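J.: Sharing coords.txt (compact mmCIF, C-alpha atoms) below.
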# COMPACT_ATOMS: atom_id res chain seq x y z
CA MET A 1 -17.42 94.74 -39.64
CA LEU A 2 -15.10 91.79 -38.96
CA PRO A 3 -12.19 90.51 -41.07
CA THR A 4 -12.95 87.55 -43.29
CA LEU A 5 -11.02 84.29 -43.19
CA ARG A 6 -9.81 85.04 -46.71
CA GLN A 7 -8.34 88.37 -45.62
CA LEU A 8 -6.62 86.74 -42.66
CA GLN A 9 -5.24 84.05 -44.95
CA TYR A 10 -3.85 86.71 -47.30
CA LEU A 11 -2.09 88.40 -44.40
CA LYS A 12 -0.66 85.11 -43.12
CA LEU A 13 0.71 84.24 -46.56
CA LEU A 14 2.13 87.73 -46.94
CA ALA A 15 3.96 87.32 -43.64
CA GLU A 16 5.33 83.94 -44.75
CA HIS A 17 6.50 85.02 -48.21
CA ALA A 18 7.33 88.73 -47.62
CA SER A 19 6.17 89.37 -51.17
CA PHE A 20 2.78 90.25 -52.63
CA SER A 21 3.47 88.29 -55.82
CA ARG A 22 4.58 85.11 -54.03
CA ALA A 23 1.76 85.38 -51.49
CA ALA A 24 -0.77 85.77 -54.31
CA GLU A 25 0.68 82.72 -56.06
CA ALA A 26 0.39 80.69 -52.84
CA ALA A 27 -3.22 81.86 -52.43
CA HIS A 28 -4.02 81.05 -56.09
CA VAL A 29 -5.30 84.56 -56.74
CA SER A 30 -4.04 87.54 -58.72
CA GLN A 31 -1.71 90.01 -57.04
CA PRO A 32 -4.26 92.86 -57.31
CA ALA A 33 -6.87 90.66 -55.63
CA LEU A 34 -4.57 89.88 -52.73
CA SER A 35 -3.48 93.50 -52.40
CA ALA A 36 -7.11 94.62 -52.35
CA GLY A 37 -7.91 92.07 -49.66
CA VAL A 38 -5.06 93.31 -47.46
CA GLN A 39 -6.12 96.93 -47.97
CA GLU A 40 -9.70 96.06 -46.96
CA LEU A 41 -8.32 94.34 -43.84
CA GLU A 42 -6.41 97.52 -42.99
CA LYS A 43 -9.61 99.56 -43.31
CA ILE A 44 -11.42 97.19 -40.95
CA LEU A 45 -8.58 97.29 -38.39
CA GLY A 46 -8.07 101.01 -38.79
CA ALA A 47 -4.30 100.61 -39.06
CA ALA A 48 -1.66 99.55 -41.57
CA VAL A 49 -0.56 95.92 -41.32
CA VAL A 50 2.37 96.09 -43.74
CA GLU A 51 4.93 98.65 -44.80
CA ARG A 52 5.26 98.71 -48.57
CA THR A 53 8.64 99.65 -50.01
CA ARG A 54 10.20 98.82 -53.34
CA GLY A 55 11.11 95.13 -53.34
CA ASN A 56 10.34 94.69 -49.66
CA VAL A 57 7.28 93.94 -47.51
CA GLN A 58 7.55 94.27 -43.75
CA LEU A 59 4.86 93.80 -41.10
CA THR A 60 3.97 96.66 -38.81
CA ALA A 61 3.49 96.03 -35.07
CA VAL A 62 -0.26 95.80 -35.69
CA GLY A 63 0.37 93.45 -38.59
CA ALA A 64 2.58 91.14 -36.53
CA GLU A 65 -0.06 90.89 -33.82
CA ALA A 66 -2.76 90.36 -36.44
CA VAL A 67 -0.77 87.50 -37.97
CA ARG A 68 -0.36 85.85 -34.57
CA ARG A 69 -4.10 85.98 -33.96
CA ALA A 70 -4.93 85.07 -37.55
CA GLU A 71 -2.91 81.86 -37.28
CA ASP A 72 -5.05 80.76 -34.33
CA VAL A 73 -8.32 81.71 -36.06
CA LEU A 74 -7.35 79.93 -39.28
CA ALA A 75 -6.16 76.85 -37.39
CA ARG A 76 -9.48 76.59 -35.57
CA ALA A 77 -11.38 77.05 -38.83
CA GLU A 78 -9.38 74.20 -40.41
CA ASP A 79 -10.06 72.09 -37.31
CA LEU A 80 -13.77 72.72 -37.78
CA VAL A 81 -13.69 71.58 -41.40
CA GLU A 82 -11.65 68.45 -40.63
CA ALA A 83 -13.83 67.59 -37.63
CA ALA A 84 -16.98 67.88 -39.75
CA ARG A 85 -15.51 65.72 -42.50
CA SER A 86 -14.46 62.99 -40.07
CA ALA A 87 -17.55 63.14 -37.86
CA GLY A 88 -18.37 59.59 -36.81
CA ARG A 89 -15.22 58.34 -38.54
CA PRO A 90 -12.26 58.97 -36.21
CA LEU A 91 -8.78 59.03 -37.73
CA SER A 92 -10.04 59.20 -41.29
CA GLY A 93 -8.98 61.57 -44.02
CA ARG A 94 -5.96 63.87 -43.77
CA PHE A 95 -4.02 63.93 -40.51
CA ARG A 96 -0.79 65.94 -40.32
CA LEU A 97 1.60 64.39 -37.81
CA GLY A 98 4.94 65.76 -36.72
CA ILE A 99 7.58 63.57 -35.07
CA ILE A 100 11.05 64.20 -33.67
CA PRO A 101 14.10 62.61 -35.39
CA THR A 102 15.18 60.63 -32.31
CA VAL A 103 11.82 58.80 -32.33
CA ALA A 104 10.69 58.63 -35.98
CA PRO A 105 13.02 55.89 -37.33
CA PHE A 106 12.26 53.56 -34.42
CA LEU A 107 8.60 54.14 -33.52
CA LEU A 108 7.07 54.51 -36.98
CA PRO A 109 8.15 51.17 -38.49
CA ALA A 110 6.82 49.40 -35.39
CA THR A 111 3.45 51.14 -35.29
CA LEU A 112 2.42 52.26 -38.79
CA PRO A 113 1.41 48.79 -40.09
CA GLY A 114 -1.03 48.29 -37.21
CA LEU A 115 -2.29 51.85 -37.57
CA ARG A 116 -3.09 51.28 -41.24
CA LEU A 117 -5.01 48.12 -40.40
CA ALA A 118 -7.00 49.78 -37.61
CA TYR A 119 -7.74 52.98 -39.57
CA PRO A 120 -7.63 52.20 -43.31
CA ALA A 121 -9.23 55.54 -44.26
CA LEU A 122 -6.50 57.52 -42.49
CA LYS A 123 -4.25 59.56 -44.78
CA LEU A 124 -1.22 60.31 -42.64
CA PHE A 125 1.12 63.13 -43.67
CA ILE A 126 4.33 62.95 -41.62
CA ARG A 127 6.79 65.76 -40.96
CA GLU A 128 10.05 65.01 -39.13
CA ASP A 129 11.52 68.00 -37.32
CA LEU A 130 12.95 69.26 -34.04
CA THR A 131 10.61 69.83 -31.11
CA PRO A 132 10.55 73.67 -31.14
CA ARG A 133 9.47 73.75 -34.77
CA LEU A 134 6.88 71.03 -34.26
CA ILE A 135 5.38 72.95 -31.34
CA ALA A 136 5.27 76.07 -33.50
CA GLY A 137 3.57 74.04 -36.23
CA LEU A 138 0.93 72.83 -33.78
CA LYS A 139 0.18 76.34 -32.57
CA ALA A 140 0.04 77.71 -36.13
CA GLY A 141 -2.37 74.98 -37.24
CA GLN A 142 0.16 73.48 -39.66
CA LEU A 143 0.10 70.16 -37.77
CA ASP A 144 -2.76 68.23 -36.16
CA ALA A 145 -0.54 66.44 -33.65
CA ALA A 146 3.11 65.70 -32.97
CA VAL A 147 5.06 62.89 -31.34
CA ILE A 148 7.55 64.49 -28.97
CA ALA A 149 9.50 63.56 -25.83
CA LEU A 150 8.98 64.97 -22.36
CA PRO A 151 10.07 66.72 -20.26
CA TYR A 152 9.64 69.76 -22.51
CA ASP A 153 8.03 73.04 -21.50
CA ALA A 154 5.29 73.86 -24.02
CA PRO A 155 2.46 76.09 -22.74
CA GLY A 156 -0.80 75.72 -24.66
CA ILE A 157 -0.03 72.13 -25.59
CA GLU A 158 -1.75 69.00 -24.26
CA HIS A 159 -0.58 65.41 -24.65
CA ALA A 160 -1.39 61.72 -24.31
CA ARG A 161 1.17 59.13 -23.31
CA ILE A 162 2.68 56.55 -25.68
CA GLY A 163 5.26 55.14 -23.29
CA ASP A 164 8.55 55.61 -21.44
CA ASP A 165 11.91 55.32 -23.16
CA GLU A 166 14.93 54.64 -20.95
CA ILE A 167 18.10 56.59 -21.73
CA LEU A 168 21.19 54.35 -21.88
CA ALA A 169 24.91 55.06 -21.99
CA VAL A 170 26.89 53.97 -25.06
CA ALA A 171 30.68 53.63 -25.00
CA PRO A 172 33.41 52.32 -27.31
CA VAL A 173 34.71 48.81 -26.68
CA GLY A 174 37.69 48.97 -24.33
CA HIS A 175 36.54 52.17 -22.62
CA ARG A 176 36.41 52.09 -18.82
CA LEU A 177 32.62 52.51 -18.96
CA ALA A 178 32.27 49.49 -21.26
CA ALA A 179 32.93 47.07 -18.40
CA PRO A 180 30.04 44.66 -17.62
CA GLY A 181 27.30 45.94 -15.33
CA ALA A 182 25.43 49.18 -14.89
CA ILE A 183 27.26 52.50 -14.74
CA GLY A 184 27.16 54.06 -11.31
CA PRO A 185 26.26 57.66 -10.40
CA GLY A 186 28.94 60.22 -11.18
CA SER A 187 30.76 58.00 -13.70
CA LEU A 188 29.89 60.24 -16.65
CA SER A 189 31.48 63.65 -17.11
CA ALA A 190 30.95 66.37 -19.69
CA ASP A 191 34.57 66.17 -20.86
CA ASP A 192 34.08 62.67 -22.28
CA LEU A 193 30.74 63.24 -23.99
CA ILE A 194 29.61 63.24 -27.60
CA LEU A 195 26.17 64.83 -27.89
CA LEU A 196 23.56 65.55 -30.48
CA GLU A 197 23.79 69.10 -31.75
CA ASP A 198 21.79 71.89 -30.10
CA GLY A 199 18.06 71.73 -30.79
CA HIS A 200 17.62 68.02 -30.10
CA CYS A 201 15.61 67.64 -26.90
CA LEU A 202 17.27 64.27 -26.16
CA ARG A 203 20.53 66.14 -25.59
CA ASP A 204 19.06 68.28 -22.81
CA GLN A 205 16.96 65.45 -21.37
CA ALA A 206 19.96 63.14 -21.08
CA LEU A 207 22.15 65.78 -19.44
CA ALA A 208 19.37 66.68 -17.01
CA ALA A 209 18.63 63.04 -16.22
CA PHE A 210 22.26 62.41 -15.30
CA ASP A 211 22.75 65.79 -13.60
CA ILE A 212 25.58 66.81 -15.93
CA ASP A 213 26.24 70.43 -16.82
CA PRO A 214 26.30 71.04 -20.59
CA PRO A 215 29.83 71.19 -22.06
CA LYS A 216 31.07 74.72 -22.71
CA GLY A 217 32.98 76.05 -25.68
CA ASP A 218 33.27 74.90 -29.26
CA ASP A 219 35.61 71.95 -28.65
CA VAL A 220 32.75 69.51 -28.18
CA PHE A 221 31.93 66.69 -30.60
CA ALA A 222 28.34 67.06 -31.79
CA ALA A 223 26.41 64.67 -34.02
CA THR A 224 23.52 65.55 -36.32
CA SER A 225 21.76 62.21 -35.83
CA LEU A 226 21.80 59.13 -33.61
CA HIS A 227 23.28 57.07 -36.46
CA THR A 228 26.20 59.51 -36.74
CA LEU A 229 26.56 59.55 -32.97
CA VAL A 230 26.99 55.76 -32.81
CA GLN A 231 29.64 55.90 -35.51
CA MET A 232 31.53 58.59 -33.60
CA VAL A 233 31.39 56.56 -30.37
CA GLY A 234 32.52 53.44 -32.23
CA SER A 235 35.52 55.39 -33.53
CA GLY A 236 36.61 56.01 -29.95
CA LEU A 237 35.83 59.71 -29.86
CA GLY A 238 33.93 59.50 -26.57
CA VAL A 239 30.80 58.21 -24.85
CA SER A 240 27.18 59.25 -25.28
CA PHE A 241 23.53 58.41 -24.71
CA LEU A 242 21.02 56.39 -26.71
CA PRO A 243 17.27 55.97 -26.23
CA GLU A 244 16.24 52.40 -25.51
CA MET A 245 13.93 52.32 -28.53
CA ALA A 246 16.93 52.95 -30.79
CA VAL A 247 18.87 50.12 -29.14
CA ARG A 248 15.89 47.75 -29.51
CA ALA A 249 15.72 48.69 -33.20
CA GLY A 250 19.34 47.57 -33.65
CA LEU A 251 21.08 50.95 -33.86
CA ALA A 252 23.77 49.81 -31.38
CA ASP A 253 24.37 46.48 -33.15
CA ASN A 254 27.93 47.55 -33.79
CA PRO A 255 30.92 45.47 -32.63
CA SER A 256 32.75 48.68 -31.74
CA VAL A 257 30.23 49.89 -29.12
CA VAL A 258 28.48 48.64 -26.01
CA THR A 259 25.43 49.99 -24.22
CA ARG A 260 24.99 50.10 -20.46
CA HIS A 261 22.16 50.93 -18.08
CA ILE A 262 22.90 53.71 -15.62
CA THR A 263 22.19 53.40 -11.93
CA PRO A 264 20.78 56.79 -10.82
CA LYS A 265 21.34 58.35 -7.42
CA ASP A 266 17.66 57.76 -6.74
CA ALA A 267 16.94 54.12 -7.64
CA ARG A 268 13.31 55.04 -8.36
CA ALA A 269 14.27 57.64 -10.97
CA VAL A 270 15.54 55.60 -13.90
CA PRO A 271 16.82 58.09 -16.52
CA SER A 272 14.18 58.16 -19.22
CA ARG A 273 12.02 60.33 -21.41
CA GLU A 274 8.27 60.08 -21.90
CA ILE A 275 7.09 59.72 -25.50
CA VAL A 276 3.74 61.41 -26.09
CA VAL A 277 1.37 62.58 -28.80
CA ALA A 278 0.88 66.33 -28.37
CA TRP A 279 -1.74 68.70 -29.77
CA ARG A 280 -2.80 72.32 -29.44
CA SER A 281 -5.11 73.05 -26.50
CA GLY A 282 -8.65 73.40 -27.80
CA SER A 283 -8.01 71.47 -31.00
CA SER A 284 -11.08 69.71 -32.34
CA ARG A 285 -8.81 66.78 -33.23
CA ALA A 286 -7.76 66.17 -29.63
CA ALA A 287 -9.82 62.96 -29.39
CA GLU A 288 -8.19 61.64 -32.55
CA ALA A 289 -4.74 62.51 -31.22
CA GLN A 290 -5.54 60.51 -28.09
CA LEU A 291 -6.64 57.54 -30.26
CA LEU A 292 -3.37 57.85 -32.15
CA ALA A 293 -1.41 57.70 -28.88
CA GLU A 294 -3.32 54.56 -27.86
CA ALA A 295 -2.61 52.94 -31.24
CA MET A 296 1.10 53.76 -30.96
CA ALA A 297 1.45 52.80 -27.29
CA GLN A 298 4.36 50.51 -26.61
CA ASP A 299 4.05 47.38 -24.48
Taking this structure as input, can you express it in the form of structure tokens?
T.:
Amino acid sequence: MLPTLRQLQYLKLLAEHASFSRAAEAAHVSQPALSAGVQELEKILGAAVVERTRGNVQLTAVGAEAVRRAEDVLARAEDLVEAARSAGRPLSGRFRLGIIPTVAPFLLPATLPGLRLAYPALKLFIREDLTPRLIAGLKAGQLDAAVIALPYDAPGIEHARIGDDEILAVAPVGHRLAAPGAIGPGSLSADDLILLEDGHCLRDQALAAFDIDPPKGDDVFAATSLHTLVQMVGSGLGVSFLPEMAVRAGLADNPSVVTRHITPKDARAVPSREIVVAWRSGSSRAAEAQLLAEAMAQD
């Protein structure tokens, strides 16, 4: 006998909520029904999947592995349903799209109007989050696709290109790097930098692109968003990086800051990141994710 999708769903919800009552509420069933489903799953597997103690539910090693596999099975089942519903009608119905914060405010306003015109039956649900959590959402079947920036190591994930986004330097007016012309190699140092806080891939991509070692210690200015970062630079706290799409959108239209291109050591390797639409390998919505990338592609 094999586990049912319902039993796997019960286990997944139990892992998420760590409570039989809350998991049952999320599943829209009674607590005894959910408990019975989990017990039946344990009989099929021949091993306990949860440890039950007063006020606490904890997965066993078998349970943790079962949840990992259940997420993949449930994601593929959802893919099947969505693919059947949208057969012959690409990018129609529900489509759950993740997007990173350093892209969302600049790409979406420029592309969503055209996307609505091209695919009027599309119901887009957008989640803005950091890359690691978006990748986890793709693998768990919580997202159909995600707009992220490369380079980023993500095994089991495929992607389609939207376009390149040059990384520029931004400095306060009067700073030595604010002089006219491009900034030469070696002009930037970690001591003078303001960066996005840990977790933003743009932080690591910019440092890697300019061959700068990450600053060490806690005495480093860190911004939670690009908007905050520009304000910090404009206040004279240091220099930083901005993606070109943010500059085109007017984020650097601030009399206190200037942006400059950077001349890399290798003239062919302009510091940039690649913006892509990513999806889980094997997803039945891969073709739709590719269509989405084409619709969002930048000239």
J.: Taking (23.8, 69.0, -37.4) in the file's coordinates as the center, which residues reach within 9 Å of it, counting only C-alpha atoms, put as a PyMOL selection string?
T.: chain A and resi 196-198+222-225
J.: What is the distance, in Å and to one decimal place, between CA of Leu122 in chain A and CA of Ala295 in chain A?
T.: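 Spanning CA of Leu122 in chain A to CA of Ala295 in chain A is a straight-line distance of 12.8 Å.
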J.: What are the centre and edge lengths in Å, to one decimal, of the axis-aligned box around all listed atoms of range 255-260 of chain A with 4 Å added on each side, as JSON?
T.:
{"center_x": 28.9, "center_y": 47.8, "center_z": -26.5, "size_x": 15.8, "size_y": 12.6, "size_z": 20.2}
J.: What gap, in Å, lies between CA of Lys139 in chain A and CA of Ser281 in chain A?
T.: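 So the answer is 8.7 Å.
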J.: List the residues sitting within 12 Å of (2.7, 66.1, -41.2) in the file's frame, using all atoms listed in the file, as a PyMOL selection string.
T.: chain A and resi 94-100+123-129+134+137-138+141-147
J.: With C-alpha atoms retained, write the just-selected residues as a PDB file, in the coordinates of the input.
T.:
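The resulting result.pdb:
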ATOM      1  CA  ARG A  94      -5.960  63.870 -43.770  1.00  0.00           C
ATOM      2  CA  PHE A  95      -4.020  63.930 -40.510  1.00  0.00           C
ATOM      3  CA  ARG A  96      -0.790  65.940 -40.320  1.00  0.00           C
ATOM      4  CA  LEU A  97       1.600  64.390 -37.810  1.00  0.00           C
ATOM      5  CA  GLY A  98       4.940  65.760 -36.720  1.00  0.00           C
ATOM      6  CA  ILE A  99       7.580  63.570 -35.070  1.00  0.00           C
ATOM      7  CA  ILE A 100      11.050  64.200 -33.670  1.00  0.00           C
ATOM      8  CA  LYS A 123      -4.250  59.560 -44.780  1.00  0.00           C
ATOM      9  CA  LEU A 124      -1.220  60.310 -42.640  1.00  0.00           C
ATOM     10  CA  PHE A 125       1.120  63.130 -43.670  1.00  0.00           C
ATOM     11  CA  ILE A 126       4.330  62.950 -41.620  1.00  0.00           C
ATOM     12  CA  ARG A 127       6.790  65.760 -40.960  1.00  0.00           C
ATOM     13  CA  GLU A 128      10.050  65.010 -39.130  1.00  0.00           C
ATOM     14  CA  ASP A 129      11.520  68.000 -37.320  1.00  0.00           C
ATOM     15  CA  LEU A 134       6.880  71.030 -34.260  1.00  0.00           C
ATOM     16  CA  GLY A 137       3.570  74.040 -36.230  1.00  0.00           C
ATOM     17  CA  LEU A 138       0.930  72.830 -33.780  1.00  0.00           C
ATOM     18  CA  GLY A 141      -2.370  74.980 -37.240  1.00  0.00           C
ATOM     19  CA  GLN A 142       0.160  73.480 -39.660  1.00  0.00           C
ATOM     20  CA  LEU A 143       0.100  70.160 -37.770  1.00  0.00           C
ATOM     21  CA  ASP A 144      -2.760  68.230 -36.160  1.00  0.00           C
ATOM     22  CA  ALA A 145      -0.540  66.440 -33.650  1.00  0.00           C
ATOM     23  CA  ALA A 146       3.110  65.700 -32.970  1.00  0.00           C
ATOM     24  CA  VAL A 147       5.060  62.890 -31.340  1.00  0.00           C
TER      25      VAL A 147
END
J.: Quick check, in Å to one decimal: how far apart do CA of Ala178 in chain A and CA of Asn254 in chain A lie?
T.: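 Here the two named atoms are 13.4 Å from each other.
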J.: Return the single residue from A:Asp204, A:Glu51, A:Asp253, A:Asp164 that is closest to His227 in chain A, with distances computed using all atoms listed in the file.
T.: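 Looking only at the distances to His227 in chain A, the closest residue turns out to be A:Asp253.
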J.: Kindly indicate which residue among A:Ala169, A:Leu202, A:Ala136, A:Met245 lies nearest to Gly181 in chain A, using only C-alpha atoms for the distances.
T.: A:Ala169
J.: Taking all atoms listed in the file into account, name the residue in A:Gly37, A:Pro255, A:Asp165, A:Ser30 that is nearest to Pro151 in chain A.
T.: A:Asp165
J.: With all atoms listed in the file as the atoms that count, which of A:Ala110, A:Leu207, A:Val173, A:Leu34 lies nearest to Met296 in chain A?
T.: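 Closest candidate: A:Ala110.
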J.: Which of these residues is nearest to Ala70 in chain A, using all atoms listed in the file: A:Arg6, A:Arg22, A:His175, A:Arg116?
T.: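 Between A:Arg6, A:Arg22, A:His175, A:Arg116, the residue approaching Ala70 in chain A most closely is A:Arg6.
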J.: Using all atoms listed in the file for the distances, tell me which of A:Leu242, A:Leu5, A:Ile183, A:Leu150 is nearest to Ala77 in chain A.
T.: A:Leu5
J.: Find the residues around Leu291 in chain A up to 12 Å (only C-alpha atoms counted), leave out those fewer than 2 positions away in its own chain, and share them as a ChimeraX atom specification.
T.: /A:89-92,115,118-119,145,159-162,276-278,285-289,293-297
J.: Suppose we keep C-alpha atoms; can you now write the selection as a short mmCIF file (atom, residue, chain, number, x, y, z; two decimals), in the frame of the given file?
T.:
data_model
loop_
_atom_site.label_atom_id
_atom_site.label_comp_id
_atom_site.auth_asym_id
_atom_site.auth_seq_id
_atom_site.Cartn_x
_atom_site.Cartn_y
_atom_site.Cartn_z
CA ARG A 89 -15.22 58.34 -38.54
CA PRO A 90 -12.26 58.97 -36.21
CA LEU A 91 -8.78 59.03 -37.73
CA SER A 92 -10.04 59.20 -41.29
CA LEU A 115 -2.29 51.85 -37.57
CA ALA A 118 -7.00 49.78 -37.61
CA TYR A 119 -7.74 52.98 -39.57
CA ALA A 145 -0.54 66.44 -33.65
CA HIS A 159 -0.58 65.41 -24.65
CA ALA A 160 -1.39 61.72 -24.31
CA ARG A 161 1.17 59.13 -23.31
CA ILE A 162 2.68 56.55 -25.68
CA VAL A 276 3.74 61.41 -26.09
CA VAL A 277 1.37 62.58 -28.80
CA ALA A 278 0.88 66.33 -28.37
CA ARG A 285 -8.81 66.78 -33.23
CA ALA A 286 -7.76 66.17 -29.63
CA ALA A 287 -9.82 62.96 -29.39
CA GLU A 288 -8.19 61.64 -32.55
CA ALA A 289 -4.74 62.51 -31.22
CA ALA A 293 -1.41 57.70 -28.88
CA GLU A 294 -3.32 54.56 -27.86
CA ALA A 295 -2.61 52.94 -31.24
CA MET A 296 1.10 53.76 -30.96
CA ALA A 297 1.45 52.80 -27.29
#
J.: When you look at Glu42 in chain A with a cut-off of 10 Å (counting all atoms listed in the file), what residues show up, excluding the ones that are within fewer than 6 positions of it in the same chain? I need them as a list in words.
T.: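 Residues near the query, excluding close chain neighbours: Pro3, Gln7, Ala36, Ala48, Val49, Val50, Val62 and Gly63 of chain A.
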J.: Output as a PDB file, in the frame of the given file: range 123-147 of chain A, completed with N, CA and C atoms.
T.:
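rebuild_6.pdb, freshly written:
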ATOM      1  N   LYS A 123      -5.294  59.106 -43.881  1.00  0.00           N
ATOM      2  CA  LYS A 123      -4.250  59.560 -44.780  1.00  0.00           C
ATOM      3  C   LYS A 123      -3.251  60.370 -43.968  1.00  0.00           C
ATOM      4  N   LEU A 124      -2.175  59.710 -43.559  1.00  0.00           N
ATOM      5  CA  LEU A 124      -1.220  60.310 -42.640  1.00  0.00           C
ATOM      6  C   LEU A 124      -0.127  61.055 -43.414  1.00  0.00           C
ATOM      7  N   PHE A 125       0.045  62.321 -43.096  1.00  0.00           N
ATOM      8  CA  PHE A 125       1.120  63.130 -43.670  1.00  0.00           C
ATOM      9  C   PHE A 125       2.116  63.395 -42.545  1.00  0.00           C
ATOM     10  N   ILE A 126       3.345  62.910 -42.701  1.00  0.00           N
ATOM     11  CA  ILE A 126       4.330  62.950 -41.620  1.00  0.00           C
ATOM     12  C   ILE A 126       5.409  63.979 -41.900  1.00  0.00           C
ATOM     13  N   ARG A 127       5.714  64.766 -40.880  1.00  0.00           N
ATOM     14  CA  ARG A 127       6.790  65.760 -40.960  1.00  0.00           C
ATOM     15  C   ARG A 127       7.764  65.498 -39.823  1.00  0.00           C
ATOM     16  N   GLU A 128       9.013  65.223 -40.144  1.00  0.00           N
ATOM     17  CA  GLU A 128      10.050  65.010 -39.130  1.00  0.00           C
ATOM     18  C   GLU A 128      10.783  66.316 -38.891  1.00  0.00           C
ATOM     19  N   ASP A 129      10.869  66.724 -37.621  1.00  0.00           N
ATOM     20  CA  ASP A 129      11.520  68.000 -37.320  1.00  0.00           C
ATOM     21  C   ASP A 129      11.852  68.053 -35.836  1.00  0.00           C
ATOM     22  N   LEU A 130      12.600  69.074 -35.442  1.00  0.00           N
ATOM     23  CA  LEU A 130      12.950  69.260 -34.040  1.00  0.00           C
ATOM     24  C   LEU A 130      11.753  69.774 -33.255  1.00  0.00           C
ATOM     25  N   THR A 131      11.771  69.518 -31.959  1.00  0.00           N
ATOM     26  CA  THR A 131      10.610  69.830 -31.110  1.00  0.00           C
ATOM     27  C   THR A 131      10.149  71.283 -31.195  1.00  0.00           C
ATOM     28  N   PRO A 132      11.041  72.275 -31.093  1.00  0.00           N
ATOM     29  CA  PRO A 132      10.550  73.670 -31.140  1.00  0.00           C
ATOM     30  C   PRO A 132       9.751  73.986 -32.389  1.00  0.00           C
ATOM     31  N   ARG A 133      10.197  73.462 -33.532  1.00  0.00           N
ATOM     32  CA  ARG A 133       9.470  73.750 -34.770  1.00  0.00           C
ATOM     33  C   ARG A 133       8.169  72.968 -34.862  1.00  0.00           C
ATOM     34  N   LEU A 134       8.138  71.775 -34.278  1.00  0.00           N
ATOM     35  CA  LEU A 134       6.880  71.030 -34.260  1.00  0.00           C
ATOM     36  C   LEU A 134       5.853  71.726 -33.372  1.00  0.00           C
ATOM     37  N   ILE A 135       6.289  72.221 -32.223  1.00  0.00           N
ATOM     38  CA  ILE A 135       5.380  72.950 -31.340  1.00  0.00           C
ATOM     39  C   ILE A 135       4.838  74.185 -32.044  1.00  0.00           C
ATOM     40  N   ALA A 136       5.717  74.899 -32.740  1.00  0.00           N
ATOM     41  CA  ALA A 136       5.270  76.070 -33.500  1.00  0.00           C
ATOM     42  C   ALA A 136       4.272  75.672 -34.571  1.00  0.00           C
ATOM     43  N   GLY A 137       4.501  74.533 -35.207  1.00  0.00           N
ATOM     44  CA  GLY A 137       3.570  74.040 -36.230  1.00  0.00           C
ATOM     45  C   GLY A 137       2.221  73.690 -35.650  1.00  0.00           C
ATOM     46  N   LEU A 138       2.198  73.131 -34.447  1.00  0.00           N
ATOM     47  CA  LEU A 138       0.930  72.830 -33.780  1.00  0.00           C
ATOM     48  C   LEU A 138       0.159  74.117 -33.499  1.00  0.00           C
ATOM     49  N   LYS A 139       0.853  75.089 -32.953  1.00  0.00           N
ATOM     50  CA  LYS A 139       0.180  76.340 -32.570  1.00  0.00           C
ATOM     51  C   LYS A 139      -0.284  77.137 -33.785  1.00  0.00           C
ATOM     52  N   ALA A 140       0.420  76.974 -34.910  1.00  0.00           N
ATOM     53  CA  ALA A 140       0.040  77.710 -36.130  1.00  0.00           C
ATOM     54  C   ALA A 140      -0.996  76.955 -36.952  1.00  0.00           C
ATOM     55  N   GLY A 141      -1.381  75.748 -36.489  1.00  0.00           N
ATOM     56  CA  GLY A 141      -2.370  74.980 -37.240  1.00  0.00           C
ATOM     57  C   GLY A 141      -1.800  74.251 -38.434  1.00  0.00           C
ATOM     58  N   GLN A 142      -0.466  74.180 -38.545  1.00  0.00           N
ATOM     59  CA  GLN A 142       0.160  73.480 -39.660  1.00  0.00           C
ATOM     60  C   GLN A 142       0.235  71.977 -39.406  1.00  0.00           C
ATOM     61  N   LEU A 143       0.083  71.564 -38.148  1.00  0.00           N
ATOM     62  CA  LEU A 143       0.100  70.160 -37.770  1.00  0.00           C
ATOM     63  C   LEU A 143      -1.119  69.869 -36.904  1.00  0.00           C
ATOM     64  N   ASP A 144      -1.635  68.647 -37.004  1.00  0.00           N
ATOM     65  CA  ASP A 144      -2.760  68.230 -36.160  1.00  0.00           C
ATOM     66  C   ASP A 144      -2.275  67.659 -34.841  1.00  0.00           C
ATOM     67  N   ALA A 145      -1.118  67.023 -34.859  1.00  0.00           N
ATOM     68  CA  ALA A 145      -0.540  66.440 -33.650  1.00  0.00           C
ATOM     69  C   ALA A 145       0.942  66.222 -33.901  1.00  0.00           C
ATOM     70  N   ALA A 146       1.682  65.946 -32.830  1.00  0.00           N
ATOM     71  CA  ALA A 146       3.110  65.700 -32.970  1.00  0.00           C
ATOM     72  C   ALA A 146       3.566  64.713 -31.906  1.00  0.00           C
ATOM     73  N   VAL A 147       4.453  63.816 -32.290  1.00  0.00           N
ATOM     74  CA  VAL A 147       5.060  62.890 -31.340  1.00  0.00           C
ATOM     75  C   VAL A 147       6.349  63.537 -30.848  1.00  0.00           C
TER      76      VAL A 147
END
